[in-house]
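Undergrad: One structure coming up, written as structure tokens, with questions to follow.
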Amino acid sequence: MDSKFSNLTIETAGAGFRAGDFAPTDLANFYLTRIKAKNSDLNAYLEVYDDVLAQAEQVTKILKQNSDSKLAGIPLAIKDNILIDGKIASAGSKMLANYVAVYDATVIKKLKQAGAIFLGRANMDEFAMGGSTENSAFGPTGNPFDKTRVAGGSSGGSAAAVGANLALAALGSDTGGSIRQPASFCGVVGLKPTYGTVSRYGVVAMASSLDQIGPLTKTVADAELVYRVISGRDEKDSTTIDPQVMVVPEKMTIGVPYDFLASGVDPVVLANFNLVLDQLKKTGHTVKEVSLPNLKYSLASYYVLMPAESSTNLGRFDGLRYGALQEGKNLLEEYMNSRGVGFGPEVRRRIILGTYVLSAGYYDAYYGKATAVRELIRGDYVKAFSKDGAGVDVIMTPTAPTPAFKIGEKVDDPLQMYLEDIFTVPANLAGVPALAVPSGKTDSGLPLGVQITGPHFGEDILFALGREIETII
Ligand code: GLN
């Protein structure tokens, strides 16, 4: 019974429903049973909803009326920072441990309309700040391939849920790599869409000019299915725009910024990456060196801009407007107590940093400079993709510089942890889309991944090349 569900994808599950092989309730039961058996080991879910079967029964009725929605009956894990009406959304923080959402995020509304089923909320680094899910106030998430290692972050719960087959797909959020890096660590596909193609309405904001919601799935085709449903202009988020259609070249010119890969990359990761490039060359694609001279400043500018925006966004969690209130003798003491108790150390570190770089006297030196550098980085990408520049169709790098590391290995060294985002952060700064695709395993069985970055609105190009990579691995 179980095995027929184990290797399903969104595509094949949908086909199974339509052929009458099984019903959404059967599939939902399969996942509930697996979660019960495995979640205590992994801590991928912070909560499994008590209405999963009721949701599945509802969808079964809709499917009988012949819905052609590809996501009808598909069980998903949802990152804990995406609001579902009536459910807790804690953003991995003590501050919001009991916060119950009073409306649906736009992505949730769209998924509900499509008939998707929500299994539960997935663990994450507190307020999406982190690269290992060890900053969750509710304990780390284990890697499905070795539970002594991290699942990556900050969407570690979402990635582990899909990687361990505790959900057919998941939603995550990505501000500097939080979908792609955990996807890579857990052997699944992760998409950070073009900035603005997916609504952020109803998502707990981290750094608004960088945040995007996207899918984590078993296959590239599934990522595309979810992306089609959740994307599109939304009047509730004025930064949104409809996805555009782009021509997908049959044989692509793949740009590789070799100088950017010269140091700090695990040799096993590099060898795997070169292997993928060799295979792609064999199938008729061209690989050439591309220069993105300002990429080396990505992390430095990200770690100014992101804390600046986060410190502003997190100002609302003061125990009065939002968040758990801790009593004090006066208002100031209530603020200080609430924020001191509610936020963990990494969140506090970033609020302090962000407040500092925005303070009068330092604003131009830090925030102003980092904004200017961000523009240069965006310019590097635009030039690389333009016919007057390098004219490449995509840019490829490994997704992360290392495979999943040990739980505890980097917690005392924030700078080492920040380096995990070296390849993922640039796409957020530039607003371009990037897709993480599994590309094999280390000798000890840890997943590896490559990242394809495309021009603004180039998702279709990423999906096409991503599908090819799946077939050659
Ligand atoms: N790991 C990165 C950070 O800590 C990215 C986080 C994210 O994308 N939400 O900021």
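A note on labels: chains of the structure tokens are A, B, ... as shown, every chain counts residues from 1, and ligands are counted from 1 in their shown order.
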To check your reading of the model: which residues sit at most 6 Å from ligand 1 when counting only C-alpha atoms and all ligand atoms? Write the answer as a list in words.

TA: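 Residues lying within 6 Å of ligand 1: Ala128, Met129, Gly130, Gly131, Ser154, Asp174, Thr175, Gly176, Gly177, Ser178 and Asp421 of chain A.
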
Undergrad: Please return as a PyMOL selection string: the residues of segment 214-443 of chain A that backbone DSSP assigns to helix (DSSP H, G or I).

TA: chain A and resi 220-230+258-261+267-282+295-316+331-342+345-358+364-385+414-419+425-430

Undergrad: Would you mind reading off the distance between atom CA of Lys87 of chain A and atom CA of Tyr99 of chain A, one decimal, in Å?

TA: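 Result for atom CA of Lys87 of chain A versus atom CA of Tyr99 of chain A: 8.2 Å, one decimal.
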
Undergrad: Sorted by chain and rising residue number, list the residues of segment 64-85 of chain A at most 8 Å from segment 16-31 of chain A (counting only C-alpha atoms), each with its closest atom pair and distance in Å to one decimal, as a Markdown table.

TA:
| residue | atom | partner | partner_atom | distance |
| --- | --- | --- | --- | --- |
| A:Gly73 | CA | A:Pro24 | CA | 4.9 |
| A:Ile74 | CA | A:Pro24 | CA | 7.3 |
| A:Pro75 | CA | A:Ala28 | CA | 6.4 |

Undergrad: Would you mind listing what lies within 6 Å of segment 207-222 of chain A as a list of chain:residue names, with only C-alpha atoms counted and same-chain residues fewer than 6 positions away left out?

TA: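 Using only C-alpha atoms, the neighbours found are A:Ile10, A:Ala169, A:Ala170, A:Leu171, A:Gly172, A:Ser173, A:Asp174, A:Thr175, A:Val188, A:Val189, A:Gly190, A:Leu191, A:Lys192, A:Met306, A:Glu309, A:Ser310, A:Asn428, A:Arg467.
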
Undergrad: Could you turn the residues from that selection into a file that holds N, CA, C and O atoms, as an mmCIF file, in the first residue's frame?

TA:
data_model
loop_
_atom_site.group_PDB
_atom_site.id
_atom_site.type_symbol
_atom_site.label_atom_id
_atom_site.label_comp_id
_atom_site.auth_asym_id
_atom_site.auth_seq_id
_atom_site.Cartn_x
_atom_site.Cartn_y
_atom_site.Cartn_z
ATOM 1 N N ILE A 10 3.851 15.485 -7.874
ATOM 2 C CA ILE A 10 2.556 16.167 -8.027
ATOM 3 C C ILE A 10 1.893 15.684 -9.314
ATOM 4 O O ILE A 10 0.695 15.386 -9.354
ATOM 5 N N ALA A 169 5.142 18.315 -1.563
ATOM 6 C CA ALA A 169 5.835 19.551 -1.932
ATOM 7 C C ALA A 169 5.660 20.511 -0.764
ATOM 8 O O ALA A 169 4.918 20.218 0.187
ATOM 9 N N ALA A 170 6.357 21.650 -0.839
ATOM 10 C CA ALA A 170 6.267 22.608 0.264
ATOM 11 C C ALA A 170 6.441 24.023 -0.262
ATOM 12 O O ALA A 170 6.934 24.229 -1.372
ATOM 13 N N LEU A 171 6.023 24.970 0.562
ATOM 14 C CA LEU A 171 6.351 26.375 0.282
ATOM 15 C C LEU A 171 7.425 26.815 1.255
ATOM 16 O O LEU A 171 7.416 26.430 2.426
ATOM 17 N N GLY A 172 8.342 27.656 0.755
ATOM 18 C CA GLY A 172 9.351 28.270 1.602
ATOM 19 C C GLY A 172 9.432 29.742 1.270
ATOM 20 O O GLY A 172 8.718 30.236 0.392
ATOM 21 N N SER A 173 10.300 30.443 1.979
ATOM 22 C CA SER A 173 10.577 31.831 1.614
ATOM 23 C C SER A 173 12.082 31.982 1.474
ATOM 24 O O SER A 173 12.840 31.238 2.091
ATOM 25 N N ASP A 174 12.482 32.909 0.622
ATOM 26 C CA ASP A 174 13.890 33.032 0.266
ATOM 27 C C ASP A 174 14.267 34.504 0.216
ATOM 28 O O ASP A 174 13.777 35.248 -0.627
ATOM 29 N N THR A 175 15.118 34.914 1.150
ATOM 30 C CA THR A 175 15.564 36.299 1.237
ATOM 31 C C THR A 175 17.018 36.413 0.788
ATOM 32 O O THR A 175 17.441 37.439 0.266
ATOM 33 N N VAL A 188 16.323 18.169 -2.841
ATOM 34 C CA VAL A 188 15.075 18.503 -3.533
ATOM 35 C C VAL A 188 15.272 19.750 -4.407
ATOM 36 O O VAL A 188 16.315 20.402 -4.352
ATOM 37 N N VAL A 189 14.247 20.036 -5.205
ATOM 38 C CA VAL A 189 14.287 21.192 -6.097
ATOM 39 C C VAL A 189 13.742 22.407 -5.344
ATOM 40 O O VAL A 189 12.789 22.292 -4.572
ATOM 41 N N GLY A 190 14.367 23.576 -5.548
ATOM 42 C CA GLY A 190 13.858 24.799 -4.902
ATOM 43 C C GLY A 190 13.946 25.982 -5.847
ATOM 44 O O GLY A 190 14.972 26.180 -6.490
ATOM 45 N N LEU A 191 12.877 26.748 -5.915
ATOM 46 C CA LEU A 191 12.854 27.915 -6.815
ATOM 47 C C LEU A 191 12.690 29.214 -6.041
ATOM 48 O O LEU A 191 11.754 29.364 -5.251
ATOM 49 N N LYS A 192 13.601 30.159 -6.298
ATOM 50 C CA LYS A 192 13.422 31.547 -5.841
ATOM 51 C C LYS A 192 12.979 32.301 -7.082
ATOM 52 O O LYS A 192 13.762 32.521 -7.998
ATOM 53 N N MET A 306 19.898 43.655 4.404
ATOM 54 C CA MET A 306 18.926 42.749 5.031
ATOM 55 C C MET A 306 18.661 43.130 6.498
ATOM 56 O O MET A 306 17.499 43.276 6.888
ATOM 57 N N GLU A 309 16.510 46.379 6.659
ATOM 58 C CA GLU A 309 15.078 46.174 6.397
ATOM 59 C C GLU A 309 14.439 45.332 7.500
ATOM 60 O O GLU A 309 13.301 45.579 7.902
ATOM 61 N N SER A 310 15.171 44.335 7.993
ATOM 62 C CA SER A 310 14.606 43.473 9.048
ATOM 63 C C SER A 310 14.351 44.276 10.313
ATOM 64 O O SER A 310 13.319 44.104 10.968
ATOM 65 N N ASN A 428 18.934 37.387 -4.999
ATOM 66 C CA ASN A 428 17.969 38.217 -4.259
ATOM 67 C C ASN A 428 18.292 39.690 -4.433
ATOM 68 O O ASN A 428 17.399 40.516 -4.589
ATOM 69 N N ARG A 467 15.128 20.585 -16.005
ATOM 70 C CA ARG A 467 14.616 19.259 -16.392
ATOM 71 C C ARG A 467 15.685 18.434 -17.061
ATOM 72 O O ARG A 467 15.782 17.228 -16.875
#

Undergrad: Can you build me a table of segment 213-314 of chain A residues sitting at most 10 Å from segment 347-354 of chain A, with the closest atom pair per residue and its distance in Å to one decimal, using only C-alpha atoms, sorted by chain and residue number, as a tab-separated table?

TA:
residue	atom	partner	partner_atom	distance
A:Tyr303	CA	A:Arg350	CA	8.7
A:Val304	CA	A:Gly354	CA	6.9
A:Leu305	CA	A:Gly354	CA	7.8
A:Met306	CA	A:Gly354	CA	7.6
A:Pro307	CA	A:Gly354	CA	4.2
A:Ala308	CA	A:Gly354	CA	3.8
A:Glu309	CA	A:Gly354	CA	7.1
A:Ser310	CA	A:Ile351	CA	6.7
A:Ser311	CA	A:Ile351	CA	4.5
A:Thr312	CA	A:Gly354	CA	7.9
A:Asn313	CA	A:Ile351	CA	9.6
A:Leu314	CA	A:Ile351	CA	7.8

Undergrad: Counting only C-alpha atoms, which residue out of A:Ile179, A:Ala400, A:Ala54, A:Leu119 sits closest to Ile84 of chain A?

TA: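 Among the listed residues, the smallest separation from Ile84 of chain A belongs to A:Leu119.
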
Undergrad: Contacts of Gly92 of chain A at 8 Å or less, counting only C-alpha atoms, minus same-chain residues fewer than 4 places along, as a list in words?

TA: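 My reading of the contact set: Asp80, Asn81, Leu96, Ala97, Asn123, Met124, Asp125, Glu126, Phe127, Ala128, Ser136, Ala137 and Phe138 of chain A.
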
Undergrad: For Ile62 of chain A, find every residue with an atom within 12 Å (counting only C-alpha atoms), except residues of its own chain fewer than 3 positions away, and show them as a ChimeraX atom specification.

TA: /A:17-18,23-24,55-59,65-69,71-73,112-116

Undergrad: Grab the residues selected above and save them as a PDB file, in the first residue's frame with N, CA, C and O atoms.

TA:
ATOM      1  N   PHE A  17      -5.258  10.358  -9.085  1.00  0.00           N
ATOM      2  CA  PHE A  17      -6.607  10.783  -8.661  1.00  0.00           C
ATOM      3  C   PHE A  17      -7.580  10.670  -9.837  1.00  0.00           C
ATOM      4  O   PHE A  17      -8.684  10.156  -9.709  1.00  0.00           O
ATOM      5  N   ARG A  18      -7.119  11.187 -10.957  1.00  0.00           N
ATOM      6  CA  ARG A  18      -8.024  11.263 -12.112  1.00  0.00           C
ATOM      7  C   ARG A  18      -8.386   9.875 -12.640  1.00  0.00           C
ATOM      8  O   ARG A  18      -9.492   9.638 -13.087  1.00  0.00           O
ATOM      9  N   ALA A  23      -7.716   8.112  -3.748  1.00  0.00           N
ATOM     10  CA  ALA A  23      -8.384   9.390  -3.498  1.00  0.00           C
ATOM     11  C   ALA A  23      -7.466  10.285  -2.650  1.00  0.00           C
ATOM     12  O   ALA A  23      -6.530   9.790  -2.013  1.00  0.00           O
ATOM     13  N   PRO A  24      -7.726  11.598  -2.638  1.00  0.00           N
ATOM     14  CA  PRO A  24      -6.932  12.494  -1.798  1.00  0.00           C
ATOM     15  C   PRO A  24      -6.861  12.040  -0.338  1.00  0.00           C
ATOM     16  O   PRO A  24      -5.829  12.219   0.311  1.00  0.00           O
ATOM     17  N   GLN A  55      -9.964  18.370   5.042  1.00  0.00           N
ATOM     18  CA  GLN A  55      -9.585  19.083   3.813  1.00  0.00           C
ATOM     19  C   GLN A  55      -9.604  18.104   2.625  1.00  0.00           C
ATOM     20  O   GLN A  55     -10.088  18.429   1.546  1.00  0.00           O
ATOM     21  N   ALA A  56      -9.047  16.903   2.861  1.00  0.00           N
ATOM     22  CA  ALA A  56      -8.946  15.920   1.775  1.00  0.00           C
ATOM     23  C   ALA A  56     -10.334  15.470   1.309  1.00  0.00           C
ATOM     24  O   ALA A  56     -10.577  15.283   0.106  1.00  0.00           O
ATOM     25  N   GLU A  57     -11.256  15.305   2.262  1.00  0.00           N
ATOM     26  CA  GLU A  57     -12.614  14.894   1.871  1.00  0.00           C
ATOM     27  C   GLU A  57     -13.283  15.960   1.013  1.00  0.00           C
ATOM     28  O   GLU A  57     -13.967  15.670   0.031  1.00  0.00           O
ATOM     29  N   GLN A  58     -13.075  17.187   1.425  1.00  0.00           N
ATOM     30  CA  GLN A  58     -13.625  18.316   0.674  1.00  0.00           C
ATOM     31  C   GLN A  58     -13.130  18.305  -0.781  1.00  0.00           C
ATOM     32  O   GLN A  58     -13.901  18.449  -1.723  1.00  0.00           O
ATOM     33  N   VAL A  59     -11.821  18.082  -0.929  1.00  0.00           N
ATOM     34  CA  VAL A  59     -11.235  18.097  -2.266  1.00  0.00           C
ATOM     35  C   VAL A  59     -11.711  16.901  -3.085  1.00  0.00           C
ATOM     36  O   VAL A  59     -11.902  17.000  -4.294  1.00  0.00           O
ATOM     37  N   GLN A  65     -16.199  16.384  -9.283  1.00  0.00           N
ATOM     38  CA  GLN A  65     -16.865  17.266 -10.250  1.00  0.00           C
ATOM     39  C   GLN A  65     -15.903  17.633 -11.382  1.00  0.00           C
ATOM     40  O   GLN A  65     -16.113  18.584 -12.129  1.00  0.00           O
ATOM     41  N   ASN A  66     -14.785  16.896 -11.418  1.00  0.00           N
ATOM     42  CA  ASN A  66     -13.880  17.009 -12.546  1.00  0.00           C
ATOM     43  C   ASN A  66     -13.062  18.301 -12.592  1.00  0.00           C
ATOM     44  O   ASN A  66     -12.964  18.935 -13.637  1.00  0.00           O
ATOM     45  N   SER A  67     -12.484  18.632 -11.466  1.00  0.00           N
ATOM     46  CA  SER A  67     -11.610  19.799 -11.462  1.00  0.00           C
ATOM     47  C   SER A  67     -10.369  19.494 -12.290  1.00  0.00           C
ATOM     48  O   SER A  67      -9.836  18.404 -12.237  1.00  0.00           O
ATOM     49  N   ASP A  68      -9.926  20.465 -13.077  1.00  0.00           N
ATOM     50  CA  ASP A  68      -8.698  20.191 -13.830  1.00  0.00           C
ATOM     51  C   ASP A  68      -7.489  20.829 -13.150  1.00  0.00           C
ATOM     52  O   ASP A  68      -6.422  20.930 -13.731  1.00  0.00           O
ATOM     53  N   SER A  69      -7.670  21.259 -11.909  1.00  0.00           N
ATOM     54  CA  SER A  69      -6.537  21.836 -11.180  1.00  0.00           C
ATOM     55  C   SER A  69      -5.480  20.778 -10.908  1.00  0.00           C
ATOM     56  O   SER A  69      -5.771  19.706 -10.384  1.00  0.00           O
ATOM     57  N   LEU A  71      -3.185  20.904  -8.781  1.00  0.00           N
ATOM     58  CA  LEU A  71      -2.803  20.793  -7.374  1.00  0.00           C
ATOM     59  C   LEU A  71      -3.936  20.265  -6.491  1.00  0.00           C
ATOM     60  O   LEU A  71      -3.776  20.163  -5.268  1.00  0.00           O
ATOM     61  N   ALA A  72      -5.063  19.929  -7.080  1.00  0.00           N
ATOM     62  CA  ALA A  72      -6.177  19.423  -6.274  1.00  0.00           C
ATOM     63  C   ALA A  72      -5.764  18.135  -5.563  1.00  0.00           C
ATOM     64  O   ALA A  72      -5.260  17.202  -6.200  1.00  0.00           O
ATOM     65  N   GLY A  73      -5.903  18.127  -4.246  1.00  0.00           N
ATOM     66  CA  GLY A  73      -5.603  16.927  -3.461  1.00  0.00           C
ATOM     67  C   GLY A  73      -4.132  16.743  -3.137  1.00  0.00           C
ATOM     68  O   GLY A  73      -3.749  15.731  -2.547  1.00  0.00           O
ATOM     69  N   LYS A 112      -5.531  27.246  -1.970  1.00  0.00           N
ATOM     70  CA  LYS A 112      -6.845  26.731  -1.554  1.00  0.00           C
ATOM     71  C   LYS A 112      -7.774  26.633  -2.756  1.00  0.00           C
ATOM     72  O   LYS A 112      -8.471  25.636  -2.941  1.00  0.00           O
ATOM     73  N   GLN A 113      -7.760  27.708  -3.570  1.00  0.00           N
ATOM     74  CA  GLN A 113      -8.617  27.671  -4.762  1.00  0.00           C
ATOM     75  C   GLN A 113      -8.241  26.512  -5.677  1.00  0.00           C
ATOM     76  O   GLN A 113      -9.078  25.938  -6.360  1.00  0.00           O
ATOM     77  N   ALA A 114      -6.952  26.174  -5.678  1.00  0.00           N
ATOM     78  CA  ALA A 114      -6.484  25.073  -6.533  1.00  0.00           C
ATOM     79  C   ALA A 114      -6.756  23.709  -5.890  1.00  0.00           C
ATOM     80  O   ALA A 114      -6.494  22.672  -6.503  1.00  0.00           O
ATOM     81  N   GLY A 115      -7.255  23.709  -4.645  1.00  0.00           N
ATOM     82  CA  GLY A 115      -7.601  22.438  -3.984  1.00  0.00           C
ATOM     83  C   GLY A 115      -6.446  21.752  -3.281  1.00  0.00           C
ATOM     84  O   GLY A 115      -6.519  20.560  -2.962  1.00  0.00           O
ATOM     85  N   ALA A 116      -5.345  22.480  -3.048  1.00  0.00           N
ATOM     86  CA  ALA A 116      -4.211  21.863  -2.345  1.00  0.00           C
ATOM     87  C   ALA A 116      -4.586  21.602  -0.890  1.00  0.00           C
ATOM     88  O   ALA A 116      -5.486  22.250  -0.341  1.00  0.00           O
TER      89      ALA A 116
END

Undergrad: To one decimal place in Å, what is the distance between atom CA of Ile395 of chain A and atom CA of Leu277 of chain A?

TA: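 Computing it gives 11.3 Å between the two atoms.
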